[in-house]
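Right, one structure below, let's go through it.
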Amino acid sequence: MVITKVSTEEQYKQLIGAAGVSLVLFSAEWAEQCKQITDVMNELAKQPEFKAIQFLDVPAEDLSQVSLHHQIDSVPTVLFFRAGTALDRIDGVDVGSLTQKVKKYASAPASPLSSSASSNLEERLKALINRSKVMIFMKGDRNTPRCGFSKQLIAIVNDTGVEYDTFDILTDEAVRQGLKTFSNWPTYPQVYVNGELIGGLDIIKELLEGGELKETLNA
């Protein structure tokens, strides 16, 4: 198996929709770290036990809409898919984690996402958004936000003195992708109050400017 260079969005959708597992590297030619990951992928692709895995290389800047859809903030980023469904994610260079996850998904039985699995994810999402009266889904956590939008949001909510809990979407790709569909809100961070979506950073800023934020969070 060799690494397939993806050149169009249509080709990308067709390839990740395959029944088996796809490992997708979002890369850029100027990023030296991407070559590290490519070298590892080339070695893994040569090994017989990984012959069922499809190795793909997506130019993040050329296919910007695909990158935007998956919230690719930096390269290299690796995503794992089965039959078009996101399984896992690695941000940055982590060769050990990459090799470990390839072994994991190569040995895992192929099973398309059933209505039962979809229902289980929905139940899990409902439980998560109700885990706290105010629940924030973000990159990182309240102590170490991992993007500028999340950092701004946490600073604003902290100023209100309202109690809240956070969930790091970078730790769970199924939640990260599933919640966007579940709530019909494509970006993060996301703020929920009593299990209901309030919105993202822009909405929170509007509520703050209108003097309604604390009241909304305490509803």
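How things are named: the first chain in the structure tokens is A, the next is B, and so on; residues count from 1 in each chain; ligands count from 1 in the order shown.
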Per residue of stretch 119-167 of chain A within 12 Å of stretch 69-91 of chain A, note the shortest atom pair and the distance in Å to one decimal, counting only C-alpha atoms, and order the rows by chain and increasing residue number, as a Markdown table.
| residue | atom | partner | partner_atom | distance |
| --- | --- | --- | --- | --- |
| A:Lys139 | CA | A:Gln71 | CA | 10.7 |
| A:Arg146 | CA | A:Asp73 | CA | 10.6 |
| A:Cys147 | CA | A:Asp73 | CA | 8.9 |
| A:Gly148 | CA | A:Asp73 | CA | 11.1 |
Could those selected residues go to a file with C-alpha atoms, as an mmCIF file, in the first residue's frame?
data_model
loop_
_atom_site.group_PDB
_atom_site.id
_atom_site.type_symbol
_atom_site.label_atom_id
_atom_site.label_comp_id
_atom_site.auth_asym_id
_atom_site.auth_seq_id
_atom_site.Cartn_x
_atom_site.Cartn_y
_atom_site.Cartn_z
ATOM 1 C CA LYS A 139 -10.353 22.908 22.538
ATOM 2 C CA ARG A 146 -5.854 25.350 23.233
ATOM 3 C CA CYS A 147 -7.153 27.961 20.839
ATOM 4 C CA GLY A 148 -7.720 31.721 20.934
#
Q. Any idea what's packed within 12 Å of stretch 150-165 of chain A, counting only C-alpha atoms, ignoring anything in its chain fewer than 2 positions away? Could you give it as a PyMOL selection string?
A. chain A and resi 128-148+167-169+187-194+199-209+211-219
(Q) Using only C-alpha atoms, can you tell me which of A:Gly195, A:Pro186, A:Gly178, A:Gly17 comes closest to A:Leu121? (A) A:Gly178
Q: In Å, rounded to a single decimal, give me how far atom CA of A:Asp39 is from atom CA of A:Ser67.
A: 21.7 Å
Q: Enumerate, as a ChimeraX atom specification, the complete set of residues in stretch 8-169 of chain A that a backbone-based DSSP assignment places in helix (DSSP H, G or I).
A: /A:9-16,32-46,48-50,64-69,95-107,115-129,148-160,169
Q | Length of the atom CA of A:Leu179 to atom CA of A:Ala60 vector [Å] | A | 23.1 Å
